[in-house]
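Below is one structure; the comments refer to it alone.
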Amino acid sequence: MAKTDLVTMAHGAGGTVMQSLIEKYMLKHLGGAKVDVPLDALDDAAVVQGIVLKSDSYTVKPLFFPGGDIGRLAISGTVNDICMIGGDPLALAEGFILEEGFDLSELEKILESMRKASDEAGVPVITGDTKVMERGALDKFVINSSGVGKRNLLLDKNLLEVKRHRTLDAQWLLDSNVRTGDKIILSGTIGDHGIAVLSAREGYGFETRIESDAAPLKGTVNRMLEIGGIVAMKDPTRGGLANLLNEWSQKSHVGILVEEQSIPVKEGVRAACEMLGLDVLEIGNEGKLVAAVVPEKAQAVLAALKDTLQGRDAAIIGEATSEFDLVATETVVGGRRIIAPPAGDPVPRIC
Ligand code: MG
């Protein structure tokens with residue numbers, strides 16, 4: 001059998017290899033439903049009869065890392081994906097799959113962390129499922145986290161503000177909504193989560209302790225929507241900022257020009273990436289978001305974002321352009337470099 005017929009780690013890594021798996025297999029068999037935002041749109045969540053729906057599985061290794069654990073990730077990731085499309089998350093369903101022999105005191109620690117994150121987000125867990133697989137059939141613990149939401153009450157006001165400046169037909173914050181001139185705002189430093197998990201897994205003794213940014217962003221998103229003018233929103237999880245910007249570019253048919261030195265990166269993360277030969281733009285984050293905003297509202301949205309705990313390091317990092325149709329960065333010396341969509345995640349199993 002040819003190698004291409006087998007699943008590889010890259011198939012779950014959030015890059016172009018996963019994209020083609022989804023298109024060739026998942027969409028082929030499961031796509032095509034006529035709903036408000038369908039599976040085929042491959043946005044952060046789907047919408048059916050006005051209800052936002054999202055499902056996400058968590059396989060992070062190790063289960064505990066600086067700044068978080070699998071439980072905090074499971075709550076934050078699903079809440080955030082519902083928020084990104086313009087939904088207001090209402091409740092979560094958690095499916096637990098445990099390996100025989102798993103320490104119940106560890107389970108309890110993870111559940112305490114989930115409870116804390118769920119309280120922080122204001123989104124309760126209201127149903128779930130528990131299964132156990134025999135020793136060796138599973139790596140310790142996997143969580144599937146699903147959620148439902150309704151339309152965020154602030155979304156219409158936000159879209160009205162967009163329409164004061166230009167046309168927009170979409171009813172939700174879709175990847176395909178970005179247009180020439182839109183400013184790209186990043187809510188804070190990138191790379192923290194991936195590097196924190198990697199260093200916990202491999203035991204690297206980096207000089208500075210790097211913590212995961214895993215956090216629910218519901219409050220942050222609401223502050224931004226209150227200002228208005230946001231056309232698209234997405235969290236740079238697997239595949240990082242590089243993958244996010246390429247998805248927007250491809251689905252919106254625009255180029256995106258990013259100013260490299262405007263992207264906030266913590267010194268310790270930058271040093272770790274240099275040491276390991278990793279591109280920080282491809283590293284996954286779990287408590288960050290990127291917004292595309294009409295230029296007239298960009299400064300006001302940025303100011304509101306900087307006023308929040310999760311957005312204090314926010315910056316405008318670039319804008320959509322019709323000059324070309326890919327993602328490029330302006331380097332410190334004034335040159336331009338193409339940011340290609342990553343094939344896979346340089347750091348596997350970080351979420
Ligand atoms: Mg997402």
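Identifiers in the structure tokens: chain A, B, ... in order shown; residue index from 1 per chain; ligand index from 1 in order shown.
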| request: Residues within 6 Å of ligand 1, counting only C-alpha atoms and all ligand atoms: report them as a ChimeraX atom specification. | output: /A:44,81,234-235
Which residues are close to Val47 in chain A, i.e. within 6 Å by only C-alpha atoms, leaving aside same-chain residues fewer than 4 positions away? Reply as an MDAnalysis selection string. chainID A and resid 36:37 51:52
Export C-alpha atoms of the chosen residues as a JSON list (two decimals), in the first residue's frame?
```json
[["chain", "number", "residue", "atom", "x", "y", "z"],
["A", 36, "ASP", "CA", -26.70, 28.90, 7.52],
["A", 37, "VAL", "CA", -22.94, 28.19, 7.79],
["A", 51, "ILE", "CA", -27.86, 27.94, 16.45],
["A", 52, "VAL", "CA", -24.05, 27.86, 16.54]]
```
With distances taken over only C-alpha atoms, the candidate from A:Glu106, A:Asp5, A:Glu296, A:Asp129 nearest Ala93 in chain A is A:Asp129
Ala298 in chain A environment, 12 Å, only C-alpha atoms, sequence neighbours closer than 6 positions dropped, as JSON, numbers by chain: {"A": [161, 162, 181, 182, 183, 184, 185, 186, 224, 225, 227, 228, 229, 230, 231, 291, 292, 304, 305, 314, 315, 316, 317, 318, 319]}
Once you have the residues from the selection above, write them out as a compact mmCIF listing (two decimals), in the first residue's frame, restricted to C-alpha atoms.
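Saved the output as result.txt:
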```txt
# COMPACT_ATOMS: atom_id res chain seq x y z
CA GLU A 161 -21.07 49.55 12.00
CA VAL A 162 -19.33 47.63 9.18
CA GLY A 181 -8.07 47.68 3.15
CA ASP A 182 -9.29 45.76 6.22
CA LYS A 183 -6.85 46.03 9.12
CA ILE A 184 -5.59 42.84 10.73
CA ILE A 185 -5.49 42.99 14.54
CA LEU A 186 -3.75 40.35 16.68
CA MET A 224 -14.57 44.27 20.56
CA LEU A 225 -18.06 43.68 19.13
CA ILE A 227 -17.10 48.90 19.28
CA GLY A 228 -18.10 47.34 15.95
CA GLY A 229 -16.61 47.20 12.47
CA ILE A 230 -15.31 43.62 12.75
CA VAL A 231 -15.78 41.54 9.59
CA ALA A 291 -9.72 40.16 13.80
CA ALA A 292 -10.18 41.78 10.41
CA ALA A 304 -10.89 48.43 23.47
CA LEU A 305 -8.92 45.22 23.05
CA ALA A 314 -2.67 43.64 21.00
CA ALA A 315 -1.38 45.24 17.82
CA ILE A 316 -2.41 46.03 14.26
CA ILE A 317 -0.12 43.71 12.32
CA GLY A 318 -1.09 44.37 8.72
CA GLU A 319 -3.88 44.77 6.20
```
query = So which residues of range 71-139 of chain A fall under strand (DSSP E) by DSSP, listed as a list of chain:residue names?
reply =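 Restricting range 71-139 of chain A to strand (DSSP E) produces A:Gly87, A:Asp88, A:Pro89, A:Leu90, A:Ala91, A:Leu92, A:Ala93, A:Glu94, A:Gly95, A:Phe96, A:Ile97, A:Leu98, A:Glu99, A:Val125, A:Ile126, A:Thr127, A:Gly128, A:Asp129, A:Thr130, A:Lys131, A:Val132, A:Met133.
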Using only C-alpha atoms, the residue out of A:Val347, A:Leu217, A:Cys83, A:Val265 with shortest distance to Gly287 in chain A is A:Leu217
Need to verify the contact set: Leu153 in chain A, 10 Å, only C-alpha atoms, exclusion of same-chain residues closer than 5 positions in sequence. Can you return it as a PyMOL selection string? chain A and resi 86-88+158+222+225-226
Shortest contact to Leu107 in chain A, candidates A:Val79, A:Leu241, A:Ile143, A:Leu73, atoms counted only C-alpha atoms, goes to A:Ile143
What's the 8 Å shell around Ala117 in chain A, counting only C-alpha atoms, without same-chain residues fewer than 2 positions away, as number ranges by chain? A: 72, 75-76, 113-115, 119-121, 215-216
_Run DSSP on the backbone and tell me which residues of range 115-177 of chain A come out as alpha helix (DSSP H); list them as a list in words._
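Everything in range 115-177 of chain A that counts as alpha helix (DSSP H) is Arg115, Lys116, Ala117, Ser118, Asp119, Glu120, Ala121, Leu155, Asp156, Lys157, Asn158, Leu159, Leu160, Glu161, Val162 and Lys163 of chain A.
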Go ahead and save the residues from that selection, with all heavy atoms, as a compact mmCIF listing (two decimals), in the first residue's frame.
```
# COMPACT_ATOMS: atom_id res chain seq x y z
N ARG A 115 -13.77 23.14 35.58
CA ARG A 115 -14.79 23.90 36.29
C ARG A 115 -14.39 25.38 36.39
O ARG A 115 -15.21 26.28 36.18
CB ARG A 115 -15.00 23.30 37.70
CG ARG A 115 -16.05 24.03 38.51
CD ARG A 115 -17.34 24.03 37.71
NE ARG A 115 -18.34 24.92 38.25
CZ ARG A 115 -19.48 24.48 38.80
NH1 ARG A 115 -19.74 23.20 38.88
NH2 ARG A 115 -20.36 25.35 39.24
N LYS A 116 -13.11 25.60 36.68
CA LYS A 116 -12.61 26.97 36.82
C LYS A 116 -12.72 27.70 35.48
O LYS A 116 -13.20 28.84 35.42
CB LYS A 116 -11.14 26.91 37.29
CG LYS A 116 -10.62 28.22 37.81
CD LYS A 116 -9.29 28.01 38.55
CE LYS A 116 -8.52 29.31 38.62
NZ LYS A 116 -7.64 29.53 37.46
N ALA A 117 -12.30 27.05 34.41
CA ALA A 117 -12.36 27.69 33.08
C ALA A 117 -13.80 27.93 32.65
O ALA A 117 -14.11 28.96 32.04
CB ALA A 117 -11.64 26.82 32.05
N SER A 118 -14.67 26.99 32.99
CA SER A 118 -16.08 27.13 32.62
C SER A 118 -16.73 28.30 33.40
O SER A 118 -17.50 29.08 32.83
CB SER A 118 -16.79 25.80 32.83
OG SER A 118 -18.01 25.93 33.47
N ASP A 119 -16.36 28.45 34.67
CA ASP A 119 -16.84 29.60 35.46
C ASP A 119 -16.30 30.91 34.88
O ASP A 119 -17.02 31.91 34.79
CB ASP A 119 -16.41 29.48 36.93
CG ASP A 119 -17.21 28.40 37.67
OD1 ASP A 119 -18.22 27.92 37.11
OD2 ASP A 119 -16.81 28.01 38.79
N GLU A 120 -15.03 30.88 34.50
CA GLU A 120 -14.37 32.06 33.93
C GLU A 120 -15.08 32.51 32.64
O GLU A 120 -15.27 33.69 32.39
CB GLU A 120 -12.94 31.65 33.60
CG GLU A 120 -11.89 32.73 33.69
CD GLU A 120 -10.52 32.11 33.42
OE1 GLU A 120 -10.15 31.11 34.07
OE2 GLU A 120 -9.81 32.62 32.53
N ALA A 121 -15.47 31.52 31.84
CA ALA A 121 -16.13 31.82 30.56
C ALA A 121 -17.61 32.13 30.76
O ALA A 121 -18.24 32.73 29.90
CB ALA A 121 -15.96 30.65 29.60
N LEU A 155 -23.66 41.18 17.74
CA LEU A 155 -23.21 40.96 16.36
C LEU A 155 -23.90 41.89 15.37
O LEU A 155 -23.27 42.44 14.47
CB LEU A 155 -23.42 39.49 15.97
CG LEU A 155 -22.91 39.08 14.59
CD1 LEU A 155 -21.43 39.37 14.43
CD2 LEU A 155 -23.18 37.60 14.33
N ASP A 156 -25.20 42.10 15.52
CA ASP A 156 -25.94 42.95 14.59
C ASP A 156 -25.46 44.39 14.66
O ASP A 156 -25.29 45.05 13.63
CB ASP A 156 -27.45 42.85 14.84
CG ASP A 156 -28.00 41.49 14.43
OD1 ASP A 156 -27.59 41.01 13.35
OD2 ASP A 156 -28.78 40.88 15.18
N LYS A 157 -25.23 44.86 15.87
CA LYS A 157 -24.73 46.22 16.05
C LYS A 157 -23.34 46.33 15.39
O LYS A 157 -23.04 47.31 14.71
CB LYS A 157 -24.63 46.50 17.57
CG LYS A 157 -24.19 47.89 17.92
CD LYS A 157 -24.21 48.10 19.44
CE LYS A 157 -23.56 49.42 19.79
NZ LYS A 157 -22.22 49.28 20.36
N ASN A 158 -22.52 45.31 15.58
CA ASN A 158 -21.18 45.28 14.98
C ASN A 158 -21.26 45.34 13.45
O ASN A 158 -20.55 46.09 12.82
CB ASN A 158 -20.45 44.01 15.43
CG ASN A 158 -19.18 43.77 14.63
OD1 ASN A 158 -18.18 44.44 14.82
ND2 ASN A 158 -19.23 42.82 13.70
N LEU A 159 -22.17 44.54 12.87
CA LEU A 159 -22.28 44.48 11.41
C LEU A 159 -22.86 45.77 10.85
O LEU A 159 -22.51 46.20 9.75
CB LEU A 159 -23.13 43.27 11.00
CG LEU A 159 -22.49 41.90 11.28
CD1 LEU A 159 -23.43 40.76 10.89
CD2 LEU A 159 -21.15 41.73 10.57
N LEU A 160 -23.73 46.40 11.62
CA LEU A 160 -24.29 47.70 11.22
C LEU A 160 -23.17 48.72 11.08
O LEU A 160 -23.14 49.53 10.15
CB LEU A 160 -25.29 48.16 12.29
CG LEU A 160 -26.57 48.81 11.78
CD1 LEU A 160 -27.43 47.77 11.08
CD2 LEU A 160 -27.36 49.43 12.93
N GLU A 161 -22.24 48.65 12.02
CA GLU A 161 -21.07 49.55 12.00
C GLU A 161 -20.20 49.27 10.78
O GLU A 161 -19.67 50.19 10.16
CB GLU A 161 -20.29 49.36 13.31
CG GLU A 161 -19.35 50.47 13.67
CD GLU A 161 -20.04 51.82 13.83
OE1 GLU A 161 -21.05 51.90 14.56
OE2 GLU A 161 -19.55 52.76 13.21
N VAL A 162 -20.07 47.99 10.41
CA VAL A 162 -19.33 47.63 9.18
C VAL A 162 -20.00 48.29 7.98
O VAL A 162 -19.35 48.91 7.14
CB VAL A 162 -19.29 46.09 8.97
CG1 VAL A 162 -18.71 45.75 7.60
CG2 VAL A 162 -18.49 45.41 10.07
N LYS A 163 -21.33 48.17 7.93
CA LYS A 163 -22.09 48.62 6.75
C LYS A 163 -22.16 50.14 6.63
O LYS A 163 -22.58 50.66 5.60
CB LYS A 163 -23.48 47.99 6.78
CG LYS A 163 -23.43 46.51 6.41
CD LYS A 163 -24.74 45.80 6.68
CE LYS A 163 -24.57 44.29 6.55
NZ LYS A 163 -25.68 43.56 7.13
```
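Closest approach to Ala232 in chain A from the set A:Leu276, A:Leu174, A:Ile283, A:Leu289 is made by A:Leu174, with distances taken over only C-alpha atoms.
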**Report entry** Shell around Asp56 in chain A at 10 Å using only C-alpha atoms, local window under 2 positions removed, as a PyMOL selection string
**Finding:** chain A and resi 45+54+58+74-75+77-78+81+94+143-147+351
Using only N, CA, C and O atoms, please write the residues we just selected to a file, as a JSON list (two decimals), in the first residue's frame.
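Generated output (result.json):
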```json
[["chain", "number", "residue", "atom", "x", "y", "z"],
["A", 45, "ALA", "N", -16.84, 27.42, 13.46],
["A", 45, "ALA", "CA", -18.02, 26.71, 13.94],
["A", 45, "ALA", "C", -19.05, 26.72, 12.82],
["A", 45, "ALA", "O", -18.85, 27.39, 11.80],
["A", 54, "LYS", "N", -20.38, 23.54, 17.61],
["A", 54, "LYS", "CA", -18.95, 23.28, 17.46],
["A", 54, "LYS", "C", -18.55, 22.02, 18.22],
["A", 54, "LYS", "O", -19.05, 21.76, 19.31],
["A", 58, "TYR", "N", -9.46, 16.94, 22.15],
["A", 58, "TYR", "CA", -8.19, 17.39, 22.75],
["A", 58, "TYR", "C", -7.32, 16.19, 23.08],
["A", 58, "TYR", "O", -7.75, 15.27, 23.79],
["A", 74, "ALA", "N", -9.79, 22.28, 26.73],
["A", 74, "ALA", "CA", -11.05, 21.77, 26.18],
["A", 74, "ALA", "C", -12.17, 22.80, 26.32],
["A", 74, "ALA", "O", -12.96, 23.00, 25.39],
["A", 75, "ILE", "N", -12.22, 23.46, 27.47],
["A", 75, "ILE", "CA", -13.26, 24.48, 27.68],
["A", 75, "ILE", "C", -12.95, 25.70, 26.80],
["A", 75, "ILE", "O", -13.81, 26.18, 26.05],
["A", 77, "GLY", "N", -10.99, 26.20, 24.11],
["A", 77, "GLY", "CA", -10.98, 26.03, 22.66],
["A", 77, "GLY", "C", -12.38, 26.02, 22.06],
["A", 77, "GLY", "O", -12.63, 26.66, 21.03],
["A", 78, "THR", "N", -13.29, 25.31, 22.70],
["A", 78, "THR", "CA", -14.65, 25.21, 22.16],
["A", 78, "THR", "C", -15.42, 26.51, 22.35],
["A", 78, "THR", "O", -16.10, 26.99, 21.44],
["A", 81, "ASP", "N", -14.08, 29.02, 19.69],
["A", 81, "ASP", "CA", -14.52, 28.80, 18.31],
["A", 81, "ASP", "C", -15.96, 29.27, 18.11],
["A", 81, "ASP", "O", -16.32, 29.77, 17.05],
["A", 94, "GLU", "N", -19.20, 17.47, 27.32],
["A", 94, "GLU", "CA", -17.82, 16.97, 27.41],
["A", 94, "GLU", "C", -17.81, 15.44, 27.35],
["A", 94, "GLU", "O", -18.39, 14.77, 28.20],
["A", 143, "ILE", "N", -10.26, 14.19, 25.47],
["A", 143, "ILE", "CA", -11.54, 14.84, 25.73],
["A", 143, "ILE", "C", -12.14, 15.34, 24.42],
["A", 143, "ILE", "O", -11.44, 15.95, 23.61],
["A", 144, "ASN", "N", -13.42, 15.05, 24.20],
["A", 144, "ASN", "CA", -14.14, 15.73, 23.13],
["A", 144, "ASN", "C", -15.02, 16.78, 23.77],
["A", 144, "ASN", "O", -15.77, 16.51, 24.70],
["A", 145, "SER", "N", -14.91, 18.00, 23.26],
["A", 145, "SER", "CA", -15.64, 19.12, 23.85],
["A", 145, "SER", "C", -16.52, 19.75, 22.78],
["A", 145, "SER", "O", -16.01, 20.24, 21.78],
["A", 146, "SER", "N", -17.82, 19.69, 22.99],
["A", 146, "SER", "CA", -18.74, 20.28, 22.03],
["A", 146, "SER", "C", -19.53, 21.39, 22.70],
["A", 146, "SER", "O", -19.67, 21.40, 23.92],
["A", 147, "GLY", "N", -20.04, 22.29, 21.90],
["A", 147, "GLY", "CA", -20.79, 23.39, 22.50],
["A", 147, "GLY", "C", -21.85, 23.93, 21.56],
["A", 147, "GLY", "O", -21.77, 23.78, 20.35],
["A", 351, "CYS", "N", -2.81, 20.39, 21.32],
["A", 351, "CYS", "CA", -4.18, 20.69, 21.73],
["A", 351, "CYS", "C", -5.06, 19.45, 21.55],
["A", 351, "CYS", "O", -4.55, 18.38, 21.30]]
```
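Neighbours of Asp213 in chain A closer than or equal to 7 Å, with only C-alpha atoms counted and sequence neighbours fewer than 3 positions away skipped, come out as Gly67, Asp192, His193, Asn285, Glu286 and Gly287 of chain A.
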task = Return the single residue from A:Ser105, A:Ile338, A:Val258, A:Met84 that is closest to Gly219 in chain A, with distances computed using only C-alpha atoms.
result =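 Of A:Ser105, A:Ile338, A:Val258, A:Met84, the one nearest Gly219 in chain A, counting only C-alpha atoms, is A:Met84.
Picture a line from CA of Arg151 in chain A to CA of Asn80 in chain A; it runs 14.0 Å.
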>> Can you measure CA of Gly149 in chain A to CA of Ser252 in chain A for me? One decimal in Å is fine.
In response: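 The value is 25.0 Å.
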Determine the nearest neighbour of Met26 in chain A from the options A:Ile110, A:Leu138, A:Leu42, A:Ala328, counting only C-alpha atoms.
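Distance minimum relative to Met26 in chain A lands on A:Leu42.
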